[in-house]
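This report concerns only the one structure given below.
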Amino acid sequence: MNTVLSRANSLFAFSLSVMAALTFGCFITTAFKDRRVPVDIHVSKVMLKNVDDFTGPRERSDLGFITFDVSPIFDWNVKQLFLYLSAEYSTKSNSLNQVVLWDKIVLRGENTKLNLRDMKSKYFFFDDGNGLRANKNITLTLSWNVVPNAGILPLVAGSGHFSLHFPDTYETTKSY
Amino acid sequence: MLPIFKSIPTHMDYKGQKLAEQIFQGIILISAVIGFVYGLIIEQFGWTVYIVLAGFALSCVLTLPPWPMYRRNPLSWQPALSEPSGESSQKPQESLKKKKHK
């Protein structure tokens, strides 16, 4: 503490320690918060086609198109949310299938009351067989990753589900 | 350049150093508490960081330069001996040696 440099050194070190303690406090105040919010999902239109899956084995797979409406409300004190909509279903070959159909990143400062209508699914809903046709119990769940300033990265599932069933017949496309 | 820097007096006396340390710790802790509460209320941790940085800058201004308030208690050195004679210069050495042997 005798010279300017030693004073600057101790001042800087003390400030960094205090900042680290504050960051830990920020983590502690939000660590035990319940980040589940009610989610309302509706599916308005389901299409089922039988197309070639060029990404996998050359077999005909079931492909569904889903239009949905998601309106979650959430409050946060984190940097961003990564929302994704996943479908869970069981087929004869696999007891649990999970397919991510759609995702969205919501940054800080953006509108946190999402009321999305007529969203199309971003990713193809391929089954690795023919398990989608006449599947009566496909559960849509909206989940999100909370990306925090400090602390753990929780993975939260919304408290609203929607279960849909696919039609028994394929849609026939006449374009080709 | 270096002699110019060395010619600037930067030292504080002992009580001044203690006072400076107490001042910057107090300022940073108070700004940390204020920033934490404010950031918790408006739910933006960035403002907490800004307020702590403001406290850091304020305490830099207050404690880095050797302000006169840190130099109020200078050490009272013994007056320099004006005439170094043979006897007077040997006596303190003898007393030092005696203390060391004890």
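Scheme for the structure tokens: letters A, B, ... for chains in order shown; per-chain residue numbers from 1; ligand numbers from 1 in order shown.
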message = Distance cut-off 9 Å, counting only C-alpha atoms - which residues of chain B neighbour chain A? Return them as JSON, numbers by chain.
response = {"B": [9, 10, 11, 12, 13, 14, 17, 18, 20, 21, 24, 25, 28, 29, 32, 33, 36, 40, 43, 44, 45, 48, 49, 52, 53, 55, 56, 59, 60, 63, 64, 65, 66]}
task = Enumerate as a PyMOL selection string all residues of range 14-98 of chain B assigned to helix (DSSP H, G or I) by DSSP on the backbone, naming them with the chain letters and numbers the document uses.
result = chain B and resi 14-42+45-63+68-70+86-98
ask   = CA of Ser163 in chain A and CA of Gln80 in chain A, how far apart in Å?
value =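 Result for CA of Gln80 in chain A versus CA of Ser163 in chain A: 27.8 Å, one decimal.
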query = For Phe166 in chain A, which residue out of A:Asn97, A:Leu81, A:Gly151, A:Lys49 is the nearest one, using only C-alpha atoms?
reply = A:Lys49
query = To one decimal place, how far is CA of Val106 in chain A from CA of Met47 in chain A in Å?
reply = 28.3 Å
task = With a distance cut-off of 6 Å and only C-alpha atoms, select the neighbouring residues of Thr91 in chain A, excluding the residue or stretch itself and same-chain residues fewer than 3 positions from it, and output the selection as number ranges by chain.
result = A: 94-95, 131
message = Residues near Tyr170 in chain A, anyone? I mean within 7 Å using only C-alpha atoms, not counting same-chain ones fewer than 2 positions away, as a ChimeraX atom specification.
response = /A:48-50,168,172
Grab the residues selected above and save them as a PDB file, in the first residue's frame with N, CA and C atoms.
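Dumped to part12.pdb:
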ATOM      1  N   LEU A  48     -49.881 -36.470 -43.330  1.00  0.00           N
ATOM      2  CA  LEU A  48     -49.014 -37.645 -43.274  1.00  0.00           C
ATOM      3  C   LEU A  48     -48.744 -38.097 -44.694  1.00  0.00           C
ATOM      4  N   LYS A  49     -47.478 -38.177 -45.028  1.00  0.00           N
ATOM      5  CA  LYS A  49     -47.104 -38.582 -46.381  1.00  0.00           C
ATOM      6  C   LYS A  49     -46.154 -39.751 -46.289  1.00  0.00           C
ATOM      7  N   ASN A  50     -46.068 -40.436 -47.395  1.00  0.00           N
ATOM      8  CA  ASN A  50     -45.140 -41.570 -47.454  1.00  0.00           C
ATOM      9  C   ASN A  50     -44.116 -41.227 -48.513  1.00  0.00           C
ATOM     10  N   ASP A 168     -55.107 -42.490 -40.600  1.00  0.00           N
ATOM     11  CA  ASP A 168     -54.831 -43.879 -40.954  1.00  0.00           C
ATOM     12  C   ASP A 168     -54.310 -44.023 -42.376  1.00  0.00           C
ATOM     13  N   THR A 172     -51.961 -38.367 -50.671  1.00  0.00           N
ATOM     14  CA  THR A 172     -51.327 -38.629 -51.953  1.00  0.00           C
ATOM     15  C   THR A 172     -51.021 -37.305 -52.606  1.00  0.00           C
TER      16      THR A 172
END
ask   = Expressed in Å to a single decimal, how great is the separation between CA of Leu155 in chain A and CA of Lys45 in chain A?
value = 28.6 Å
